[in-house]
file structure03.txt (compact mmCIF, C-alpha atoms)
# COMPACT_ATOMS: atom_id res chain seq x y z
CA MET A 1 97.31 79.20 136.30
CA LYS A 2 97.79 76.04 138.30
CA LYS A 3 101.48 76.86 138.92
CA THR A 4 100.50 80.37 140.05
CA ILE A 5 98.04 78.96 142.60
CA GLN A 6 100.68 76.52 143.87
CA PHE A 7 103.22 79.37 144.19
CA ILE A 8 100.76 81.51 146.18
CA ALA A 9 99.98 78.56 148.45
CA ILE A 10 103.70 78.00 149.13
CA VAL A 11 104.21 81.70 149.94
CA ILE A 12 101.26 81.65 152.37
CA LEU A 13 102.60 78.48 154.02
CA LEU A 14 106.09 79.95 154.42
CA ALA A 15 104.63 83.12 155.91
CA PHE A 16 102.61 81.05 158.38
CA VAL A 17 105.65 78.99 159.42
CA SER A 18 107.72 82.17 159.80
CA CYS A 19 105.11 83.72 162.13
CA ALA A 20 104.70 80.49 164.07
CA ASP A 21 108.45 80.22 164.68
CA LYS A 22 108.88 83.86 165.65
CA PRO A 23 110.03 84.08 169.30
CA THR A 24 107.55 85.63 171.69
CA ILE A 25 107.73 86.68 175.32
CA GLU A 26 104.11 85.70 175.94
CA GLY A 27 103.72 83.25 178.82
CA LEU A 28 105.05 82.73 182.34
CA TRP A 29 108.68 83.55 183.19
CA ILE A 30 110.69 82.96 186.37
CA VAL A 31 113.52 85.34 187.29
CA GLU A 32 116.69 83.24 187.58
CA ARG A 33 119.19 86.00 188.21
CA VAL A 34 119.39 89.76 188.74
CA LYS A 35 122.81 91.38 188.50
CA VAL A 36 123.32 95.06 189.32
CA GLY A 37 126.85 96.15 188.59
CA ASP A 38 129.07 93.52 190.23
CA GLN A 39 126.45 92.44 192.76
CA GLU A 40 123.84 89.72 192.45
CA MET A 41 120.44 90.80 193.82
CA THR A 42 118.10 87.99 192.77
CA PRO A 43 114.69 88.07 194.51
CA ASN A 44 113.20 84.83 195.78
CA ALA A 45 110.72 83.16 193.38
CA ARG A 46 110.03 86.30 191.31
CA TRP A 47 107.86 85.75 188.24
CA MET A 48 106.15 87.64 185.42
CA ARG A 49 103.33 86.61 183.08
CA PHE A 50 102.94 88.32 179.70
CA ASN A 51 99.53 87.85 178.06
CA SER A 52 98.61 88.08 174.37
CA ASP A 53 96.31 91.07 175.03
CA SER A 54 99.32 93.14 176.24
CA SER A 55 98.34 92.78 179.89
CA GLN A 56 100.82 91.46 182.47
CA GLN A 57 100.93 90.25 186.05
CA SER A 58 103.86 89.67 188.37
CA GLY A 59 104.56 88.46 191.87
CA ASN A 60 106.69 86.33 194.14
CA GLY A 61 105.78 82.72 194.77
CA TRP A 62 102.06 82.12 195.08
CA LEU A 63 101.36 85.84 195.59
CA GLN A 64 100.51 88.16 192.70
CA HIS A 65 101.20 91.73 193.77
CA SER A 66 101.43 93.71 190.50
CA TYR A 67 99.46 94.05 187.29
CA GLY A 68 99.43 96.30 184.24
CA THR A 69 100.52 96.30 180.59
CA TRP A 70 103.56 95.52 178.48
CA CYS A 71 104.88 96.57 175.07
CA LEU A 72 107.80 95.08 173.12
CA ASN A 73 109.11 97.21 170.25
CA ALA A 74 109.61 94.75 167.37
CA GLU A 75 112.30 96.90 165.73
CA THR A 76 114.45 97.76 168.75
CA ASN A 77 113.55 94.79 171.02
CA GLU A 78 112.93 97.26 173.85
CA LEU A 79 110.48 96.17 176.55
CA SER A 80 108.34 98.64 178.48
CA VAL A 81 106.35 97.40 181.49
CA VAL A 82 103.73 99.52 183.26
CA ASN A 83 102.32 98.49 186.66
CA GLU A 84 98.94 100.09 187.24
CA ASN A 85 99.23 99.59 191.00
CA GLY A 86 102.94 100.42 191.22
CA ILE A 87 105.48 103.22 190.88
CA LYS A 88 106.34 104.65 187.47
CA ASP A 89 109.57 103.21 186.07
CA PRO A 90 111.99 106.18 185.74
CA ASP A 91 114.57 104.30 183.64
CA GLU A 92 114.85 103.44 179.96
CA PRO A 93 113.17 100.29 178.59
CA PHE A 94 114.98 96.96 178.83
CA LYS A 95 116.76 95.61 175.77
CA VAL A 96 115.47 92.05 175.33
CA THR A 97 117.26 88.99 173.96
CA LEU A 98 115.42 85.68 173.48
CA GLU A 99 117.17 82.32 173.16
CA ASN A 100 115.14 79.11 173.40
CA ASP A 101 113.44 79.08 176.85
CA ARG A 102 115.51 81.89 178.29
CA MET A 103 115.23 85.65 178.09
CA THR A 104 117.71 88.37 179.06
CA TRP A 105 116.92 92.00 179.87
CA LYS A 106 119.63 94.66 179.93
CA ARG A 107 119.67 98.37 180.71
CA SER A 108 121.40 101.02 182.83
CA GLU A 109 120.05 102.26 186.17
CA ASP A 110 121.73 105.12 188.04
CA GLY A 111 124.90 104.61 186.03
CA GLU A 112 125.11 100.86 186.75
CA SER A 113 124.44 98.02 184.34
CA VAL A 114 121.44 95.82 185.15
CA GLU A 115 121.02 92.34 183.71
CA VAL A 116 117.99 90.13 184.39
CA THR A 117 117.88 86.48 183.30
CA LEU A 118 114.49 84.75 183.10
CA LYS A 119 113.43 81.19 182.29
CA ARG A 120 110.12 80.13 180.77
CA SER A 121 107.94 78.03 183.10
CA ASP A 122 104.53 76.36 183.24
CA HIS A 123 103.98 76.76 187.00
CA LEU A 124 104.53 79.30 189.75
CA PRO A 125 107.59 78.86 191.99
CA ALA A 126 107.36 78.73 195.79
CA THR A 127 109.04 81.31 198.00
CA TYR A 128 110.71 80.46 201.30
CA GLY A 129 107.56 81.83 202.93
CA ASP A 130 105.33 79.50 200.89
CA GLU A 131 107.42 76.51 201.95
CA LEU A 132 107.24 77.63 205.59
CA LEU A 133 103.43 77.73 205.69
CA GLY A 134 101.69 75.14 207.83
CA LEU A 135 101.94 73.32 211.15
CA TRP A 136 105.30 72.07 212.48
CA LYS A 137 106.10 69.87 215.49
CA LEU A 138 109.26 70.45 217.52
CA GLU A 139 111.54 67.40 217.27
CA ASP A 140 114.83 68.66 218.67
CA ALA A 141 116.12 71.78 220.45
CA VAL A 142 119.65 72.98 221.08
CA GLY A 143 119.95 75.82 223.60
CA ASP A 144 117.17 77.26 225.73
CA GLY A 145 115.11 80.23 224.55
CA ASP A 146 111.95 82.28 224.91
CA TYR A 147 109.84 80.22 222.50
CA PHE A 148 110.90 76.63 223.15
CA GLY A 149 113.05 74.85 225.70
CA THR A 150 115.05 71.64 225.35
CA GLU A 151 112.45 69.90 227.54
CA ASP A 152 109.76 70.66 224.96
CA ALA A 153 111.47 68.39 222.43
CA GLU A 154 111.53 65.58 224.99
CA VAL A 155 107.82 65.95 225.79
CA GLY A 156 106.93 66.02 222.07
CA LYS A 157 103.90 68.32 222.24
CA ALA A 158 105.36 71.67 221.22
CA SER A 159 104.48 73.14 217.82
CA ILE A 160 104.51 76.27 215.68
CA PHE A 161 101.88 77.20 213.11
CA PHE A 162 102.90 79.62 210.35
CA ARG A 163 99.65 81.05 209.00
CA TRP A 164 98.99 82.44 205.52
CA ASP A 165 98.21 85.90 206.92
CA GLY A 166 101.72 86.44 208.32
CA ARG A 167 100.94 85.39 211.89
CA PHE A 168 102.37 82.55 213.96
CA ASP A 169 101.01 80.51 216.86
CA ILE A 170 103.39 78.68 219.21
CA ARG A 171 102.32 76.06 221.74
CA SER A 172 104.98 74.86 224.15
CA GLY A 173 105.76 74.33 227.81
CA LYS A 174 106.24 78.09 228.03
CA GLY A 175 102.57 78.61 227.11
CA ARG A 176 100.89 80.10 224.04
CA ILE A 177 102.82 82.71 222.09
CA HIS A 178 101.33 84.68 219.21
CA GLY A 179 102.89 87.19 216.85
CA VAL A 180 103.71 88.09 213.27
CA TYR A 181 106.54 86.89 211.06
CA ASN A 182 108.36 88.22 207.99
CA VAL A 183 110.30 86.06 205.56
CA HIS A 184 113.30 87.64 203.83
CA GLY A 185 112.75 88.37 200.13
CA HIS A 186 116.19 87.19 198.99
CA GLN A 187 117.39 84.49 201.39
CA PRO A 188 115.95 81.81 203.73
CA GLU A 189 115.52 83.86 206.89
CA VAL A 190 112.49 84.59 209.04
CA GLU A 191 111.93 87.43 211.51
CA MET A 192 109.56 86.59 214.37
CA ILE A 193 107.88 89.46 216.22
CA PRO A 194 105.83 88.25 219.22
CA TYR A 195 103.02 90.27 220.75
CA GLY A 196 103.75 91.79 224.14
CA GLU A 197 107.07 92.53 225.85
CA SER A 198 107.67 89.24 227.65
CA VAL A 199 109.24 87.59 224.58
CA SER A 200 111.96 89.11 222.39
CA ARG A 201 112.02 89.68 218.64
CA ASP A 202 114.19 87.07 216.88
CA PHE A 203 115.82 86.38 213.52
CA TRP A 204 116.31 82.81 212.28
CA THR A 205 117.83 81.13 209.24
CA ILE A 206 115.72 78.36 207.68
CA ASP A 207 117.16 75.08 206.43
CA PHE A 208 114.58 73.19 204.33
CA ALA A 209 114.91 69.40 203.96
CA GLY A 210 111.73 67.82 202.62
CA ASP A 211 109.13 67.74 205.40
CA THR A 212 111.56 69.03 208.03
CA ILE A 213 112.97 72.45 208.76
CA THR A 214 115.77 73.60 211.04
CA LEU A 215 115.72 77.14 212.45
CA LYS A 216 118.99 78.65 213.66
CA ARG A 217 118.85 81.88 215.62
CA LEU A 218 120.93 84.73 214.20
CA ASN A 219 120.72 87.37 216.95
CA SER A 220 122.28 85.21 219.66
CA GLU A 221 125.82 84.71 220.90
CA ASN A 222 125.01 81.13 221.86
CA THR A 223 124.04 78.32 219.49
CA MET A 224 120.28 77.97 219.31
CA GLU A 225 118.65 75.51 216.89
CA ARG A 226 115.15 74.14 216.54
CA LYS A 227 114.28 71.18 214.31
CA PHE A 228 110.66 70.61 213.23
CA SER A 229 108.71 68.09 211.19
CA ARG A 230 105.53 68.88 209.25
CA ILE A 231 102.29 67.62 210.83
CA HIS A 232 98.62 68.11 210.11
CA GLU A 233 97.08 68.05 213.61
CA PHE A 234 98.09 69.86 216.80
CA PRO A 235 99.91 67.50 219.20
CA GLU A 236 97.92 66.57 222.28

call {"tool": "encode", "arguments": {"input": "structure03.txt", "output": "structure tokens"}}
result
Amino acid sequence: MKKTIQFIAIVILLAFVSCADKPTIEGLWIVERVKVGDQEMTPNARWMRFNSDSSQQSGNGWLQHSYGTWCLNAETNELSVVNENGIKDPDEPFKVTLENDRMTWKRSEDGESVEVTLKRSDHLPATYGDELLGLWKLEDAVGDGDYFGTEDAEVGKASIFFRWDGRFDIRSGKGRIHGVYNVHGHQPEVEMIPYGESVSRDFWTIDFAGDTITLKRLNSENTMERKFSRIHEFPE
């Protein structure tokens, strides 16, 4: 009788260890790479969170923009994701492979192979737009332009404020300029759309280096660069 009890206890323990070690997709995952056919199309700071109650949320950076449910078929390892505020997925479920802290999804879309690589994480990533948020002081300017002139860098009072609501506020020797901005979803570029017709719409690349950024204008035949440092009060 005693041996029987010990045997049952061992079986229960092994079953518990087996369940505990079973890989699960529950938790927060960051998209490391998206490959469609021969092209890489990785979105900036894309993440997904799978909860134990079969609910899920997803977003980019600090913004959550989707929510719904998920279901992983234990026999086929096929993952179905439904976004309650999104568009119905017309393609077959992803085939999922788990290995340590990485997960791979594979399927076919419109005749092309799609492969998504994700990495487990304990915090949300920051997009280029998240890093751009805040107040920046103009430190150096190469080439004259509508927003800032080279003399503004010498005076040291020009600034640009990228707000959380997608608007910007520029203060320079050219006056006050307001508008909206859009940050590219795949690469460090920002589109600036000023209000009114006196100032043109511009596209800039963003080079991040700690608490400094350098903007280089794309839609210009001449070199135009603006270097800024992060500050926390408007220059006077």

call {"tool": "closest_residue", "arguments": {"input": "structure03.txt", "among": "A:Gly86, A:Pro93, A:Gly111, A:Pro125", "to": "A:Val31", "atoms": "all atoms listed in the file"}}
result
A:Pro125

call {"tool": "closest_residue", "arguments": {"input": "structure03.txt", "among": "A:Gln187, A:Asn44, A:Thr117, A:Ser80", "to": "A:Leu98", "atoms": "all atoms listed in the file"}}
result
A:Thr117

call {"tool": "residues_around", "arguments": {"input": "structure03.txt", "residues": "A:His186", "least_positions_apart": "3", "cutoff": "10 Å", "atoms": "all atoms listed in the file", "output": "list in words"}}
result
Met41, Thr42, Pro43, Asn44, Ala45, Arg46, Thr127, Tyr128, Val183 and Glu189 of chain A

call {"tool": "closest_residue", "arguments": {"input": "structure03.txt", "among": "A:Lys88, A:His65, A:Arg226, A:Lys119", "to": "A:Asp101", "atoms": "all atoms listed in the file"}}
result
A:Lys119

call {"tool": "residues_around", "arguments": {"input": "structure03.txt", "residues": "stretch 149-157 of chain A", "least_positions_apart": "3", "cutoff": "7 Å", "atoms": "all atoms listed in the file", "output": "list in words"}}
result
Leu138, Glu139, Asp140, Ala141, Val142, Gly143, Asp144, Gly145, Ser172, Gly173, Pro235 and Glu236 of chain A

call {"tool": "write_last_selection", "arguments": {"input": "structure03.txt", "atoms": "C-alpha atoms", "output": "mmCIF file, in the frame of the given file"}}
result
data_model
loop_
_atom_site.group_PDB
_atom_site.id
_atom_site.type_symbol
_atom_site.label_atom_id
_atom_site.label_comp_id
_atom_site.auth_asym_id
_atom_site.auth_seq_id
_atom_site.Cartn_x
_atom_site.Cartn_y
_atom_site.Cartn_z
ATOM 1 C CA LEU A 138 109.260 70.450 217.520
ATOM 2 C CA GLU A 139 111.540 67.400 217.270
ATOM 3 C CA ASP A 140 114.830 68.660 218.670
ATOM 4 C CA ALA A 141 116.120 71.780 220.450
ATOM 5 C CA VAL A 142 119.650 72.980 221.080
ATOM 6 C CA GLY A 143 119.950 75.820 223.600
ATOM 7 C CA ASP A 144 117.170 77.260 225.730
ATOM 8 C CA GLY A 145 115.110 80.230 224.550
ATOM 9 C CA SER A 172 104.980 74.860 224.150
ATOM 10 C CA GLY A 173 105.760 74.330 227.810
ATOM 11 C CA PRO A 235 99.910 67.500 219.200
ATOM 12 C CA GLU A 236 97.920 66.570 222.280
#

call {"tool": "closest_residue", "arguments": {"input": "structure03.txt", "among": "A:Thr69, A:Asn85, A:Asn182, A:Asn222", "to": "A:Asp53", "atoms": "all atoms listed in the file"}}
result
A:Thr69

call {"tool": "closest_residue", "arguments": {"input": "structure03.txt", "among": "A:Cys71, A:Asp89, A:Val180, A:Arg163", "to": "A:Glu109", "atoms": "only C-alpha atoms"}}
result
A:Asp89

call {"tool": "closest_residue", "arguments": {"input": "structure03.txt", "among": "A:Arg120, A:Arg171, A:Lys137, A:Lys106", "to": "A:Asp211", "atoms": "all atoms listed in the file"}}
result
A:Lys137

call {"tool": "atom_distance", "arguments": {"input": "structure03.txt", "atom1": "atom CA of A:Asn100", "atom2": "atom CA of A:Arg33"}}
result
16.8 Å

call {"tool": "axis_aligned_box", "arguments": {"input": "structure03.txt", "around": "stretch 158-164 of chain A", "padding_each_side": "3 Å", "output": "JSON"}}
result
{"center_x": 102.2, "center_y": 77.1, "center_z": 213.4, "size_x": 12.4, "size_y": 16.8, "size_z": 21.7}

call {"tool": "atom_distance", "arguments": {"input": "structure03.txt", "atom1": "atom CA of A:Asn51", "atom2": "atom CA of A:Glu26"}}
result
5.5 Å

call {"tool": "atom_distance", "arguments": {"input": "structure03.txt", "atom1": "atom CA of A:Pro188", "atom2": "atom CA of A:Asp169"}}
result
19.9 Å

call {"tool": "build_atoms", "arguments": {"input": "structure03.txt", "residues": "stretch 89-109 of chain A", "atoms": "N, CA, C and O atoms", "output": "PDB file, in the coordinates of the input"}}
result
ATOM      1  N   ASP A  89     108.180 103.573 186.321  1.00  0.00           N
ATOM      2  CA  ASP A  89     109.570 103.210 186.070  1.00  0.00           C
ATOM      3  C   ASP A  89     110.302 104.433 185.498  1.00  0.00           C
ATOM      4  O   ASP A  89     109.988 104.895 184.404  1.00  0.00           O
ATOM      5  N   PRO A  90     111.305 104.963 186.208  1.00  0.00           N
ATOM      6  CA  PRO A  90     111.990 106.180 185.740  1.00  0.00           C
ATOM      7  C   PRO A  90     113.101 105.903 184.714  1.00  0.00           C
ATOM      8  O   PRO A  90     113.652 106.847 184.136  1.00  0.00           O
ATOM      9  N   ASP A  91     113.437 104.636 184.496  1.00  0.00           N
ATOM     10  CA  ASP A  91     114.570 104.300 183.640  1.00  0.00           C
ATOM     11  C   ASP A  91     114.135 103.908 182.235  1.00  0.00           C
ATOM     12  O   ASP A  91     112.954 103.717 181.951  1.00  0.00           O
ATOM     13  N   GLU A  92     115.108 103.796 181.358  1.00  0.00           N
ATOM     14  CA  GLU A  92     114.850 103.440 179.960  1.00  0.00           C
ATOM     15  C   GLU A  92     114.323 102.010 179.863  1.00  0.00           C
ATOM     16  O   GLU A  92     114.502 101.205 180.803  1.00  0.00           O
ATOM     17  N   PRO A  93     113.671 101.666 178.754  1.00  0.00           N
ATOM     18  CA  PRO A  93     113.170 100.290 178.590  1.00  0.00           C
ATOM     19  C   PRO A  93     114.320  99.280 178.573  1.00  0.00           C
ATOM     20  O   PRO A  93     115.464  99.613 178.271  1.00  0.00           O
ATOM     21  N   PHE A  94     113.987  98.025 178.892  1.00  0.00           N
ATOM     22  CA  PHE A  94     114.980  96.960 178.830  1.00  0.00           C
ATOM     23  C   PHE A  94     115.187  96.533 177.379  1.00  0.00           C
ATOM     24  O   PHE A  94     114.246  96.461 176.600  1.00  0.00           O
ATOM     25  N   LYS A  95     116.429  96.233 177.041  1.00  0.00           N
ATOM     26  CA  LYS A  95     116.760  95.610 175.770  1.00  0.00           C
ATOM     27  C   LYS A  95     116.627  94.107 175.956  1.00  0.00           C
ATOM     28  O   LYS A  95     117.258  93.530 176.852  1.00  0.00           O
ATOM     29  N   VAL A  96     115.812  93.456 175.121  1.00  0.00           N
ATOM     30  CA  VAL A  96     115.470  92.050 175.330  1.00  0.00           C
ATOM     31  C   VAL A  96     116.161  91.155 174.315  1.00  0.00           C
ATOM     32  O   VAL A  96     116.216  91.463 173.118  1.00  0.00           O
ATOM     33  N   THR A  97     116.693  90.036 174.815  1.00  0.00           N
ATOM     34  CA  THR A  97     117.260  88.990 173.960  1.00  0.00           C
ATOM     35  C   THR A  97     116.588  87.671 174.304  1.00  0.00           C
ATOM     36  O   THR A  97     116.510  87.300 175.478  1.00  0.00           O
ATOM     37  N   LEU A  98     116.077  86.971 173.291  1.00  0.00           N
ATOM     38  CA  LEU A  98     115.420  85.680 173.480  1.00  0.00           C
ATOM     39  C   LEU A  98     116.268  84.577 172.887  1.00  0.00           C
ATOM     40  O   LEU A  98     116.759  84.693 171.761  1.00  0.00           O
ATOM     41  N   GLU A  99     116.440  83.487 173.657  1.00  0.00           N
ATOM     42  CA  GLU A  99     117.170  82.320 173.160  1.00  0.00           C
ATOM     43  C   GLU A  99     116.572  81.074 173.784  1.00  0.00           C
ATOM     44  O   GLU A  99     116.729  80.812 174.977  1.00  0.00           O
ATOM     45  N   ASN A 100     115.842  80.315 172.958  1.00  0.00           N
ATOM     46  CA  ASN A 100     115.140  79.110 173.400  1.00  0.00           C
ATOM     47  C   ASN A 100     114.186  79.464 174.551  1.00  0.00           C
ATOM     48  O   ASN A 100     113.335  80.318 174.403  1.00  0.00           O
ATOM     49  N   ASP A 101     114.349  78.841 175.719  1.00  0.00           N
ATOM     50  CA  ASP A 101     113.440  79.080 176.850  1.00  0.00           C
ATOM     51  C   ASP A 101     113.987  80.088 177.839  1.00  0.00           C
ATOM     52  O   ASP A 101     113.530  80.149 178.982  1.00  0.00           O
ATOM     53  N   ARG A 102     114.949  80.884 177.412  1.00  0.00           N
ATOM     54  CA  ARG A 102     115.510  81.890 178.290  1.00  0.00           C
ATOM     55  C   ARG A 102     115.448  83.275 177.659  1.00  0.00           C
ATOM     56  O   ARG A 102     115.489  83.425 176.442  1.00  0.00           O
ATOM     57  N   MET A 103     115.333  84.266 178.531  1.00  0.00           N
ATOM     58  CA  MET A 103     115.230  85.650 178.090  1.00  0.00           C
ATOM     59  C   MET A 103     116.156  86.500 178.953  1.00  0.00           C
ATOM     60  O   MET A 103     116.262  86.284 180.164  1.00  0.00           O
ATOM     61  N   THR A 104     116.811  87.480 178.332  1.00  0.00           N
ATOM     62  CA  THR A 104     117.710  88.370 179.060  1.00  0.00           C
ATOM     63  C   THR A 104     117.286  89.819 178.847  1.00  0.00           C
ATOM     64  O   THR A 104     116.998  90.224 177.718  1.00  0.00           O
ATOM     65  N   TRP A 105     117.218  90.560 179.926  1.00  0.00           N
ATOM     66  CA  TRP A 105     116.920  92.000 179.870  1.00  0.00           C
ATOM     67  C   TRP A 105     118.190  92.746 180.278  1.00  0.00           C
ATOM     68  O   TRP A 105     118.860  92.386 181.248  1.00  0.00           O
ATOM     69  N   LYS A 106     118.479  93.829 179.579  1.00  0.00           N
ATOM     70  CA  LYS A 106     119.630  94.660 179.930  1.00  0.00           C
ATOM     71  C   LYS A 106     119.280  96.139 179.817  1.00  0.00           C
ATOM     72  O   LYS A 106     118.560  96.540 178.898  1.00  0.00           O
ATOM     73  N   ARG A 107     119.788  96.919 180.767  1.00  0.00           N
ATOM     74  CA  ARG A 107     119.670  98.370 180.710  1.00  0.00           C
ATOM     75  C   ARG A 107     120.586  98.984 181.757  1.00  0.00           C
ATOM     76  O   ARG A 107     121.253  98.265 182.523  1.00  0.00           O
ATOM     77  N   SER A 108     120.601 100.302 181.838  1.00  0.00           N
ATOM     78  CA  SER A 108     121.400 101.020 182.830  1.00  0.00           C
ATOM     79  C   SER A 108     120.475 101.710 183.821  1.00  0.00           C
ATOM     80  O   SER A 108     119.481 102.316 183.427  1.00  0.00           O
ATOM     81  N   GLU A 109     120.813 101.597 185.121  1.00  0.00           N
ATOM     82  CA  GLU A 109     120.050 102.260 186.170  1.00  0.00           C
ATOM     83  C   GLU A 109     121.022 102.990 187.093  1.00  0.00           C
ATOM     84  O   GLU A 109     121.904 102.357 187.681  1.00  0.00           O
TER      85      GLU A 109
END
